[in-house]
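Chemist: Provided below: input_3.cif, containing mmCIF, C-alpha atoms.
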data_entry
loop_
_atom_site.group_PDB
_atom_site.id
_atom_site.type_symbol
_atom_site.label_atom_id
_atom_site.label_comp_id
_atom_site.auth_asym_id
_atom_site.auth_seq_id
_atom_site.Cartn_x
_atom_site.Cartn_y
_atom_site.Cartn_z
ATOM 1 C CA MET A 204 47.700 -129.987 61.673
ATOM 2 C CA LYS A 205 51.240 -131.035 60.687
ATOM 3 C CA THR A 206 53.313 -128.695 58.595
ATOM 4 C CA PHE A 207 56.332 -129.646 56.530
ATOM 5 C CA ASP A 208 59.263 -127.711 55.162
ATOM 6 C CA LEU A 209 58.506 -128.026 51.462
ATOM 7 C CA ALA A 210 61.537 -126.151 50.119
ATOM 8 C CA PRO A 211 63.605 -129.187 48.945
ATOM 9 C CA ALA A 212 60.658 -130.849 47.246
ATOM 10 C CA ALA A 213 59.605 -127.515 45.801
ATOM 11 C CA ILE A 214 63.022 -127.058 44.231
ATOM 12 C CA LEU A 215 62.691 -130.465 42.598
ATOM 13 C CA LEU A 216 59.276 -129.527 41.303
ATOM 14 C CA VAL A 217 60.771 -126.575 39.456
ATOM 15 C CA LEU A 218 63.359 -128.870 37.918
ATOM 16 C CA ALA A 219 60.887 -131.613 37.075
ATOM 17 C CA VAL A 220 57.888 -129.779 35.643
ATOM 18 C CA PRO A 221 58.146 -129.924 31.849
ATOM 19 C CA ALA A 222 56.600 -126.477 31.447
ATOM 20 C CA VAL A 223 59.494 -124.960 33.346
ATOM 21 C CA GLN A 224 61.956 -126.784 31.111
ATOM 22 C CA ALA A 225 60.253 -125.622 27.918
ATOM 23 C CA GLN A 226 62.312 -122.421 27.596
ATOM 24 C CA PRO A 227 65.969 -123.352 28.210
ATOM 25 C CA ALA A 228 67.298 -120.492 26.092
ATOM 26 C CA ALA A 229 65.490 -117.904 28.190
ATOM 27 C CA ARG A 230 66.818 -119.442 31.398
ATOM 28 C CA ALA A 231 70.350 -119.622 29.989
ATOM 29 C CA ARG A 232 70.414 -115.851 29.453
ATOM 30 C CA LYS A 233 69.487 -115.088 33.085
ATOM 31 C CA PRO A 234 72.309 -114.893 35.616
ATOM 32 C CA ALA A 235 72.178 -117.587 38.286
ATOM 33 C CA ALA A 236 71.617 -114.980 41.000
ATOM 34 C CA GLN A 237 68.303 -114.023 39.372
ATOM 35 C CA THR A 238 66.990 -117.568 38.972
ATOM 36 C CA ALA A 239 67.861 -119.019 42.389
ATOM 37 C CA PRO A 240 65.329 -117.056 44.503
ATOM 38 C CA ALA A 241 62.470 -118.020 42.177
ATOM 39 C CA ALA A 242 63.444 -121.694 42.446
ATOM 40 C CA GLN A 243 63.362 -121.465 46.221
ATOM 41 C CA THR A 244 60.050 -119.667 46.674
ATOM 42 C CA ALA A 245 57.734 -119.888 43.666
ATOM 43 C CA PRO A 246 56.759 -123.592 43.570
ATOM 44 C CA VAL A 247 55.655 -124.117 47.191
ATOM 45 C CA SER A 248 52.028 -123.355 46.350
ATOM 46 C CA ARG A 249 52.337 -125.471 43.178
ATOM 47 C CA LEU A 250 53.533 -128.410 45.273
ATOM 48 C CA LEU A 251 50.523 -128.095 47.551
ATOM 49 C CA ASP A 252 48.300 -127.868 44.481
ATOM 50 C CA LEU A 253 49.552 -131.290 43.345
ATOM 51 C CA ASP A 254 47.610 -132.935 46.165
ATOM 52 C CA THR A 255 44.401 -132.767 44.134
ATOM 53 C CA ASN A 256 42.408 -135.112 46.377
ATOM 54 C CA HIS A 257 43.634 -133.304 49.541
ATOM 55 C CA ASP A 258 44.648 -136.488 51.340
ATOM 56 C CA GLY A 259 47.999 -135.067 52.487
ATOM 57 C CA LYS A 260 49.938 -137.239 50.022
ATOM 58 C CA ILE A 261 51.084 -136.839 46.442
ATOM 59 C CA SER A 262 50.542 -139.958 44.336
ATOM 60 C CA ARG A 263 52.401 -140.676 41.083
ATOM 61 C CA SER A 264 49.259 -139.751 39.138
ATOM 62 C CA GLU A 265 49.221 -136.360 40.881
ATOM 63 C CA TRP A 266 52.952 -135.763 40.317
ATOM 64 C CA LYS A 267 53.709 -133.581 37.284
ATOM 65 C CA GLY A 268 57.391 -134.524 36.983
ATOM 66 C CA ASN A 269 59.005 -137.630 35.524
ATOM 67 C CA ASP A 270 59.355 -141.097 37.056
ATOM 68 C CA VAL A 271 62.953 -140.535 38.158
ATOM 69 C CA SER A 272 62.200 -137.374 40.134
ATOM 70 C CA PHE A 273 59.198 -139.041 41.793
ATOM 71 C CA GLN A 274 61.146 -142.172 42.706
ATOM 72 C CA MET A 275 64.032 -140.135 44.069
ATOM 73 C CA LEU A 276 61.634 -138.401 46.466
ATOM 74 C CA ASP A 277 59.673 -141.567 47.300
ATOM 75 C CA ARG A 278 62.439 -142.918 49.526
ATOM 76 C CA ASN A 279 60.341 -145.602 51.206
ATOM 77 C CA GLY A 280 59.015 -146.895 47.872
ATOM 78 C CA ASP A 281 55.363 -146.793 48.925
ATOM 79 C CA GLY A 282 54.199 -145.051 45.753
ATOM 80 C CA VAL A 283 53.234 -141.766 47.406
ATOM 81 C CA LEU A 284 55.076 -138.690 48.637
ATOM 82 C CA SER A 285 54.217 -137.944 52.224
ATOM 83 C CA GLY A 286 55.668 -136.960 55.594
ATOM 84 C CA ASP A 287 59.415 -136.435 55.603
ATOM 85 C CA GLU A 288 59.616 -137.086 51.860
ATOM 86 C CA LEU A 289 58.114 -133.636 51.408
ATOM 87 C CA GLY A 290 60.290 -132.036 54.073
ATOM 88 C CA THR A 291 63.948 -131.373 54.703
ATOM 89 C CA GLY A 292 64.786 -135.057 54.687
ATOM 90 C CA ALA A 293 64.953 -135.191 50.879
ATOM 91 C CA PRO A 294 68.522 -134.160 50.025
ATOM 92 C CA ALA A 295 68.479 -136.010 46.709
ATOM 93 C CA ALA A 296 65.529 -133.946 45.506
ATOM 94 C CA ALA A 297 67.671 -131.298 43.822
ATOM 95 C CA GLU A 298 70.253 -133.757 42.477
ATOM 96 C CA ASP A 299 70.487 -134.124 38.714
ATOM 97 C CA PRO A 300 69.388 -137.677 37.745
ATOM 98 C CA ALA A 301 72.533 -138.319 35.674
ATOM 99 C CA ALA A 302 74.715 -137.167 38.581
ATOM 100 C CA ALA A 303 72.681 -139.307 40.981
ATOM 101 C CA PHE A 304 73.266 -142.372 38.811
ATOM 102 C CA ALA A 305 77.018 -141.666 38.647
ATOM 103 C CA ARG A 306 77.154 -141.283 42.440
ATOM 104 C CA LEU A 307 75.213 -144.496 43.077
ATOM 105 C CA ASP A 308 77.188 -146.542 40.522
ATOM 106 C CA ARG A 309 80.119 -147.085 42.873
ATOM 107 C CA ASP A 310 81.885 -149.679 40.699
ATOM 108 C CA HIS A 311 81.325 -147.568 37.536
ATOM 109 C CA ASP A 312 80.022 -150.496 35.499
ATOM 110 C CA GLY A 313 77.043 -148.573 34.087
ATOM 111 C CA ARG A 314 74.413 -150.361 36.158
ATOM 112 C CA LEU A 315 73.099 -150.312 39.712
ATOM 113 C CA THR A 316 72.818 -153.452 41.768
ATOM 114 C CA ARG A 317 70.553 -153.771 44.793
ATOM 115 C CA ASP A 318 73.687 -153.406 46.988
ATOM 116 C CA GLU A 319 74.491 -150.032 45.408
ATOM 117 C CA TRP A 320 70.915 -148.773 45.628
ATOM 118 C CA GLU A 321 70.170 -146.459 48.564
ATOM 119 C CA GLY A 322 66.378 -146.444 48.266
ATOM 120 C CA GLY A 323 63.631 -148.939 48.885
ATOM 121 C CA THR A 324 62.944 -152.214 47.103
ATOM 122 C CA GLY A 325 59.797 -150.862 45.465
ATOM 123 C CA GLU A 326 61.533 -147.979 43.761
ATOM 124 C CA PHE A 327 64.414 -150.225 42.631
ATOM 125 C CA GLN A 328 61.937 -152.635 41.045
ATOM 126 C CA ALA A 329 60.074 -149.759 39.380
ATOM 127 C CA LEU A 330 63.314 -148.532 37.809
ATOM 128 C CA ASP A 331 64.343 -152.042 36.719
ATOM 129 C CA HIS A 332 62.112 -151.936 33.639
ATOM 130 C CA ASN A 333 63.231 -155.271 32.218
ATOM 131 C CA ALA A 334 63.240 -156.999 35.635
ATOM 132 C CA ASP A 335 66.777 -158.353 35.230
ATOM 133 C CA GLY A 336 67.819 -157.463 38.788
ATOM 134 C CA VAL A 337 69.938 -154.427 37.861
ATOM 135 C CA VAL A 338 69.119 -150.846 36.888
ATOM 136 C CA SER A 339 71.008 -149.634 33.834
ATOM 137 C CA ARG A 340 71.761 -145.963 33.241
ATOM 138 C CA GLU A 341 69.180 -146.022 30.440
ATOM 139 C CA GLU A 342 66.526 -147.407 32.796
ATOM 140 C CA PHE A 343 67.418 -144.918 35.528
ATOM 141 C CA LEU A 344 67.095 -141.994 33.114
ATOM 142 C CA ASN A 345 64.123 -143.547 31.259
ATOM 143 C CA LEU A 346 66.157 -143.658 28.048
ATOM 144 C CA ASP A 347 65.264 -147.288 27.486
ATOM 145 C CA VAL A 348 61.593 -146.680 26.727
ATOM 146 C CA ALA A 349 62.150 -146.157 22.977
ATOM 147 C CA ARG A 350 64.533 -149.123 22.870
ATOM 148 C CA ALA A 351 61.938 -151.331 24.591
ATOM 149 C CA ARG A 352 59.350 -150.324 22.009
ATOM 150 C CA GLN A 353 61.775 -151.164 19.185
ATOM 151 C CA GLU A 354 62.471 -154.557 20.752
ATOM 152 C CA ARG A 355 58.738 -155.330 20.981
ATOM 153 C CA VAL A 356 58.170 -154.396 17.332
ATOM 154 C CA PHE A 357 61.236 -156.407 16.276
ATOM 155 C CA ARG A 358 60.032 -159.505 18.178
ATOM 156 C CA TRP A 359 56.569 -159.081 16.630
ATOM 157 C CA MET A 360 58.059 -159.035 13.108
ATOM 158 C CA ASP A 361 60.385 -161.964 13.885
ATOM 159 C CA THR A 362 57.635 -164.530 13.330
ATOM 160 C CA ASN A 363 59.909 -167.586 13.513
ATOM 161 C CA HIS A 364 61.656 -166.241 16.646
ATOM 162 C CA ASP A 365 65.181 -166.817 15.361
ATOM 163 C CA GLY A 366 66.465 -163.384 16.387
ATOM 164 C CA HIS A 367 66.497 -162.049 12.827
ATOM 165 C CA VAL A 368 63.955 -160.350 10.595
ATOM 166 C CA THR A 369 64.103 -161.429 6.968
ATOM 167 C CA LYS A 370 62.678 -159.570 3.978
ATOM 168 C CA ALA A 371 59.736 -162.003 4.039
ATOM 169 C CA GLU A 372 59.013 -161.131 7.701
ATOM 170 C CA TRP A 373 59.491 -157.375 7.189
ATOM 171 C CA ARG A 374 56.202 -155.428 7.363
ATOM 172 C CA GLU A 375 57.379 -151.927 6.553
ATOM 173 C CA ASP A 376 58.807 -150.091 3.558
ATOM 174 C CA PRO A 377 61.344 -152.269 1.649
ATOM 175 C CA ALA A 378 63.596 -149.234 1.149
ATOM 176 C CA ARG A 379 63.843 -148.849 4.939
ATOM 177 C CA PHE A 380 64.829 -152.503 5.238
ATOM 178 C CA ALA A 381 67.661 -151.905 2.754
ATOM 179 C CA ARG A 382 68.858 -148.852 4.718
ATOM 180 C CA LEU A 383 68.806 -150.707 8.042
ATOM 181 C CA ASP A 384 70.563 -153.815 6.673
ATOM 182 C CA ARG A 385 74.020 -152.289 7.055
ATOM 183 C CA ASN A 386 75.968 -155.449 6.234
ATOM 184 C CA HIS A 387 73.649 -156.248 3.265
ATOM 185 C CA ASP A 388 73.131 -159.872 4.276
ATOM 186 C CA GLY A 389 69.362 -159.822 3.701
ATOM 187 C CA VAL A 390 68.395 -160.096 7.377
ATOM 188 C CA LEU A 391 68.078 -157.552 10.157
ATOM 189 C CA THR A 392 69.428 -158.039 13.633
ATOM 190 C CA LEU A 393 67.957 -156.149 16.574
ATOM 191 C CA GLU A 394 71.086 -153.998 16.654
ATOM 192 C CA GLU A 395 70.576 -153.007 13.022
ATOM 193 C CA TYR A 396 66.883 -152.377 13.539
ATOM 194 C CA ALA A 397 67.468 -150.278 16.650
ATOM 195 C CA GLY A 398 70.238 -148.332 14.948
ATOM 196 C CA LYS A 399 72.954 -149.416 17.379
#
Could you render the structure as structure tokens?
Modeler:
Amino acid sequence: MKTFDLAPAAILLVLAVPAVQAQPAARARKPAAQTAPAAQTAPVSRLLDLDTNHDGKISRSEWKGNDVSFQMLDRNGDGVLSGDELGTGAPAAAEDPAAAFARLDRDHDGRLTRDEWEGGTGEFQALDHNADGVVSREEFLNLDVARARQERVFRWMDTNHDGHVTKAEWREDPARFARLDRNHDGVLTLEEYAGK
């Protein structure tokens, strides 16, 4: 039976599990020397517990963390964590996602091209939520999910597809329309609707 050094992936698990992040104030009061040993030893059994079907792999549905942490570990982009991805060969596992984006964005233009990306094609495509061939910082950090929802609702209300929502097309509270219409021209742009 193969065994893997699970310490790097286990450290990521501690950082990625929402339950661990639920008490930031309590963690902030503890000195770093007290929290580091727990991060290195406690989650190993939790990581093994993630493999609920006991096939030796951790699928995205079994993973308790977010998409970014999973994709950072899934270096070959095959949709499962297995082999070396669970061992010492995962140096990016403990890297903060925002710091990882800054490191990968070599030209500092706020987006990652396929040339800048260090992982597999599958994970790049999974991060490129709008399939435009680049990964924005918002996509990388999953900050674009709310924006995408707003865009869908806006397009749904824009029945004549002219890029604006008029009072006649508006399907919510008229007072909200008035608040969002910052330039008071009687139509909403996507930027106004999304609060940008």
Chemist: Near Thr392 in chain A, counting only C-alpha atoms, which residues have an atom at most 8 Å away, once you skip same-chain residues fewer than 5 positions from it, shown as a PyMOL selection string?
Modeler: chain A and resi 366-368
Chemist: Quick one: distance from CA of Asp308 in chain A to CA of Arg278 in chain A in Å, one decimal?
Modeler: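 One can read the CA of Asp308 in chain A to CA of Arg278 in chain A distance as 17.7 Å.
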Chemist: Considering only C-alpha atoms, can you say which of A:Asn363, A:Glu342, A:Asn333, A:Glu354 comes closest to Phe304 in chain A?
Modeler: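 Among the listed residues, the smallest separation from Phe304 in chain A belongs to A:Glu342.
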Chemist: Point out the residue among A:Asp365, A:Gly336, A:Tyr396, A:Phe273 with the least atom-to-atom distance to Arg379 in chain A, counting only C-alpha atoms.
Modeler: A:Tyr396
Chemist: Between CA of Thr324 in chain A and CA of Gly280 in chain A, what is the distance, to one decimal in Å?
Modeler: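 Taking CA of Thr324 in chain A as the start and CA of Gly280 in chain A as the end point, the length is 6.7 Å.
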Chemist: Kindly resolve the PyMOL selection byres ((chain A and resi 281) around 12) on the present coordinates and return the residues as a list in words.
Modeler: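 Applied to this file, the PyMOL selection byres ((chain A and resi 281) around 12) returns Lys260, Ile261, Ser262, Arg263, Phe273, Gln274, Met275, Leu276, Asp277, Arg278, Asn279, Gly280, Gly282, Val283, Leu284, Ser285, Gly286, Glu288, Gly322, Gly323, Thr324, Gly325, Glu326, Phe327, Gln328 and Ala329 of chain A.
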Chemist: Of the candidates A:Ala334, A:Glu341, A:Val271, A:Arg374, which shows the shortest atom-to-atom distance to Thr362 in chain A, using all atoms listed in the file?
Modeler: A:Arg374
Chemist: Pick out the residues sitting within 12 Å of Arg306 in chain A, and hand them over as a list in words; count only C-alpha atoms, and ignore anything fewer than 4 positions along from it in its own chain.
Modeler: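 Near neighbours after the sequence-gap exclusion: Ala295, Glu298, Asp299, Pro300, Ala301, Ala302, Asp310, His311, Asp312, Gly313, Arg314, Leu315, Glu319, Trp320, Glu321 and Arg340 of chain A.
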Chemist: Tell me which residues the PyMOL selection byres ((chain A and resi 372) around 12) grabs here, as a list in words.
Modeler: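 Those residues are Val356, Phe357, Arg358, Trp359, Met360, Asp361, Thr362, Asn363, His364, Asp365, Gly366, His367, Val368, Thr369, Lys370, Ala371, Trp373, Arg374, Glu375, Asp376, Pro377, Phe380, Gly389, Val390 and Leu391 of chain A.
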Chemist: With C-alpha atoms retained, export the selected residues as a PDB file, in the coordinates of the input.
Modeler:
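again_8.pdb, written as the output of this step:
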ATOM      1  CA  VAL A 356      58.170-154.396  17.332  1.00  0.00           C
ATOM      2  CA  PHE A 357      61.236-156.407  16.276  1.00  0.00           C
ATOM      3  CA  ARG A 358      60.032-159.505  18.178  1.00  0.00           C
ATOM      4  CA  TRP A 359      56.569-159.081  16.630  1.00  0.00           C
ATOM      5  CA  MET A 360      58.059-159.035  13.108  1.00  0.00           C
ATOM      6  CA  ASP A 361      60.385-161.964  13.885  1.00  0.00           C
ATOM      7  CA  THR A 362      57.635-164.530  13.330  1.00  0.00           C
ATOM      8  CA  ASN A 363      59.909-167.586  13.513  1.00  0.00           C
ATOM      9  CA  HIS A 364      61.656-166.241  16.646  1.00  0.00           C
ATOM     10  CA  ASP A 365      65.181-166.817  15.361  1.00  0.00           C
ATOM     11  CA  GLY A 366      66.465-163.384  16.387  1.00  0.00           C
ATOM     12  CA  HIS A 367      66.497-162.049  12.827  1.00  0.00           C
ATOM     13  CA  VAL A 368      63.955-160.350  10.595  1.00  0.00           C
ATOM     14  CA  THR A 369      64.103-161.429   6.968  1.00  0.00           C
ATOM     15  CA  LYS A 370      62.678-159.570   3.978  1.00  0.00           C
ATOM     16  CA  ALA A 371      59.736-162.003   4.039  1.00  0.00           C
ATOM     17  CA  TRP A 373      59.491-157.375   7.189  1.00  0.00           C
ATOM     18  CA  ARG A 374      56.202-155.428   7.363  1.00  0.00           C
ATOM     19  CA  GLU A 375      57.379-151.927   6.553  1.00  0.00           C
ATOM     20  CA  ASP A 376      58.807-150.091   3.558  1.00  0.00           C
ATOM     21  CA  PRO A 377      61.344-152.269   1.649  1.00  0.00           C
ATOM     22  CA  PHE A 380      64.829-152.503   5.238  1.00  0.00           C
ATOM     23  CA  GLY A 389      69.362-159.822   3.701  1.00  0.00           C
ATOM     24  CA  VAL A 390      68.395-160.096   7.377  1.00  0.00           C
ATOM     25  CA  LEU A 391      68.078-157.552  10.157  1.00  0.00           C
TER      26      LEU A 391
END
Chemist: In Å, with one decimal, what is the gap from CA of Leu253 in chain A to CA of Glu265 in chain A?
Modeler: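 Between CA of Leu253 in chain A and CA of Glu265 in chain A the gap is 5.6 Å.
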Chemist: Provide range 269-280 of chain A rebuilt to all heavy atoms, formatted as a PDB file, in the coordinates of the input.
Modeler:
ATOM      1  N   ASN A 269      58.772-136.322  36.135  1.00  0.00           N
ATOM      2  CA  ASN A 269      59.005-137.630  35.524  1.00  0.00           C
ATOM      3  C   ASN A 269      59.147-138.718  36.592  1.00  0.00           C
ATOM      4  O   ASN A 269      59.145-138.434  37.789  1.00  0.00           O
ATOM      5  CB  ASN A 269      60.226-137.591  34.598  1.00  0.00           C
ATOM      6  CG  ASN A 269      61.510-137.275  35.328  1.00  0.00           C
ATOM      7  OD1 ASN A 269      61.657-137.534  36.515  1.00  0.00           O
ATOM      8  ND2 ASN A 269      62.461-136.706  34.618  1.00  0.00           N
ATOM      9  N   ASP A 270      59.257-139.955  36.139  1.00  0.00           N
ATOM     10  CA  ASP A 270      59.355-141.097  37.056  1.00  0.00           C
ATOM     11  C   ASP A 270      60.579-141.010  37.954  1.00  0.00           C
ATOM     12  O   ASP A 270      60.530-141.335  39.134  1.00  0.00           O
ATOM     13  CB  ASP A 270      59.411-142.418  36.272  1.00  0.00           C
ATOM     14  CG  ASP A 270      58.088-142.769  35.628  1.00  0.00           C
ATOM     15  OD1 ASP A 270      57.053-142.246  36.066  1.00  0.00           O
ATOM     16  OD2 ASP A 270      58.102-143.568  34.674  1.00  0.00           O
ATOM     17  N   VAL A 271      61.707-140.581  37.383  1.00  0.00           N
ATOM     18  CA  VAL A 271      62.953-140.535  38.158  1.00  0.00           C
ATOM     19  C   VAL A 271      62.827-139.563  39.319  1.00  0.00           C
ATOM     20  O   VAL A 271      63.173-139.881  40.460  1.00  0.00           O
ATOM     21  CB  VAL A 271      64.156-140.157  37.262  1.00  0.00           C
ATOM     22  CG1 VAL A 271      65.404-139.931  38.093  1.00  0.00           C
ATOM     23  CG2 VAL A 271      64.397-141.239  36.233  1.00  0.00           C
ATOM     24  N   SER A 272      62.313-138.359  39.063  1.00  0.00           N
ATOM     25  CA  SER A 272      62.200-137.374  40.134  1.00  0.00           C
ATOM     26  C   SER A 272      61.243-137.864  41.219  1.00  0.00           C
ATOM     27  O   SER A 272      61.501-137.696  42.411  1.00  0.00           O
ATOM     28  CB  SER A 272      61.755-136.017  39.583  1.00  0.00           C
ATOM     29  OG  SER A 272      60.485-136.109  38.976  1.00  0.00           O
ATOM     30  N   PHE A 273      60.140-138.516  40.809  1.00  0.00           N
ATOM     31  CA  PHE A 273      59.198-139.041  41.793  1.00  0.00           C
ATOM     32  C   PHE A 273      59.850-140.133  42.637  1.00  0.00           C
ATOM     33  O   PHE A 273      59.756-140.138  43.861  1.00  0.00           O
ATOM     34  CB  PHE A 273      57.950-139.599  41.100  1.00  0.00           C
ATOM     35  CG  PHE A 273      56.887-140.051  42.063  1.00  0.00           C
ATOM     36  CD1 PHE A 273      55.977-139.144  42.572  1.00  0.00           C
ATOM     37  CD2 PHE A 273      56.807-141.373  42.469  1.00  0.00           C
ATOM     38  CE1 PHE A 273      55.001-139.551  43.476  1.00  0.00           C
ATOM     39  CE2 PHE A 273      55.849-141.790  43.366  1.00  0.00           C
ATOM     40  CZ  PHE A 273      54.930-140.879  43.878  1.00  0.00           C
ATOM     41  N   GLN A 274      60.543-141.055  41.984  1.00  0.00           N
ATOM     42  CA  GLN A 274      61.146-142.172  42.706  1.00  0.00           C
ATOM     43  C   GLN A 274      62.285-141.727  43.605  1.00  0.00           C
ATOM     44  O   GLN A 274      62.536-142.341  44.643  1.00  0.00           O
ATOM     45  CB  GLN A 274      61.600-143.236  41.712  1.00  0.00           C
ATOM     46  CG  GLN A 274      60.400-143.926  41.082  1.00  0.00           C
ATOM     47  CD  GLN A 274      60.753-144.723  39.853  1.00  0.00           C
ATOM     48  OE1 GLN A 274      61.898-144.749  39.419  1.00  0.00           O
ATOM     49  NE2 GLN A 274      59.762-145.362  39.265  1.00  0.00           N
ATOM     50  N   MET A 275      62.967-140.644  43.208  1.00  0.00           N
ATOM     51  CA  MET A 275      64.032-140.135  44.069  1.00  0.00           C
ATOM     52  C   MET A 275      63.451-139.547  45.351  1.00  0.00           C
ATOM     53  O   MET A 275      64.053-139.648  46.412  1.00  0.00           O
ATOM     54  CB  MET A 275      64.866-139.092  43.325  1.00  0.00           C
ATOM     55  CG  MET A 275      65.745-139.715  42.252  1.00  0.00           C
ATOM     56  SD  MET A 275      66.622-138.510  41.258  1.00  0.00           S
ATOM     57  CE  MET A 275      67.825-137.935  42.444  1.00  0.00           C
ATOM     58  N   LEU A 276      62.280-138.941  45.270  1.00  0.00           N
ATOM     59  CA  LEU A 276      61.634-138.401  46.466  1.00  0.00           C
ATOM     60  C   LEU A 276      60.951-139.495  47.284  1.00  0.00           C
ATOM     61  O   LEU A 276      60.917-139.420  48.506  1.00  0.00           O
ATOM     62  CB  LEU A 276      60.600-137.344  46.072  1.00  0.00           C
ATOM     63  CG  LEU A 276      61.144-135.967  45.762  1.00  0.00           C
ATOM     64  CD1 LEU A 276      60.024-135.054  45.298  1.00  0.00           C
ATOM     65  CD2 LEU A 276      61.840-135.369  46.964  1.00  0.00           C
ATOM     66  N   ASP A 277      60.399-140.502  46.618  1.00  0.00           N
ATOM     67  CA  ASP A 277      59.673-141.567  47.300  1.00  0.00           C
ATOM     68  C   ASP A 277      60.671-142.557  47.902  1.00  0.00           C
ATOM     69  O   ASP A 277      60.821-143.680  47.447  1.00  0.00           O
ATOM     70  CB  ASP A 277      58.733-142.261  46.316  1.00  0.00           C
ATOM     71  CG  ASP A 277      57.865-143.318  46.984  1.00  0.00           C
ATOM     72  OD1 ASP A 277      57.743-143.296  48.224  1.00  0.00           O
ATOM     73  OD2 ASP A 277      57.335-144.176  46.261  1.00  0.00           O
ATOM     74  N   ARG A 278      61.336-142.132  48.968  1.00  0.00           N
ATOM     75  CA  ARG A 278      62.439-142.918  49.526  1.00  0.00           C
ATOM     76  C   ARG A 278      61.996-144.248  50.123  1.00  0.00           C
ATOM     77  O   ARG A 278      62.756-145.200  50.151  1.00  0.00           O
ATOM     78  CB  ARG A 278      63.195-142.084  50.568  1.00  0.00           C
ATOM     79  CG  ARG A 278      63.948-140.925  49.950  1.00  0.00           C
ATOM     80  CD  ARG A 278      64.861-140.231  50.942  1.00  0.00           C
ATOM     81  NE  ARG A 278      64.243-139.940  52.219  1.00  0.00           N
ATOM     82  CZ  ARG A 278      63.483-138.873  52.477  1.00  0.00           C
ATOM     83  NH1 ARG A 278      63.228-138.013  51.532  1.00  0.00           N
ATOM     84  NH2 ARG A 278      62.990-138.673  53.675  1.00  0.00           N
ATOM     85  N   ASN A 279      60.766-144.327  50.624  1.00  0.00           N
ATOM     86  CA  ASN A 279      60.341-145.602  51.206  1.00  0.00           C
ATOM     87  C   ASN A 279      59.662-146.515  50.191  1.00  0.00           C
ATOM     88  O   ASN A 279      59.241-147.615  50.511  1.00  0.00           O
ATOM     89  CB  ASN A 279      59.428-145.372  52.415  1.00  0.00           C
ATOM     90  CG  ASN A 279      58.130-144.675  52.065  1.00  0.00           C
ATOM     91  OD1 ASN A 279      57.854-144.409  50.895  1.00  0.00           O
ATOM     92  ND2 ASN A 279      57.338-144.366  53.074  1.00  0.00           N
ATOM     93  N   GLY A 280      59.541-146.061  48.940  1.00  0.00           N
ATOM     94  CA  GLY A 280      59.015-146.895  47.872  1.00  0.00           C
ATOM     95  C   GLY A 280      57.556-147.270  48.005  1.00  0.00           C
ATOM     96  O   GLY A 280      57.120-148.265  47.431  1.00  0.00           O
TER      97      GLY A 280
END
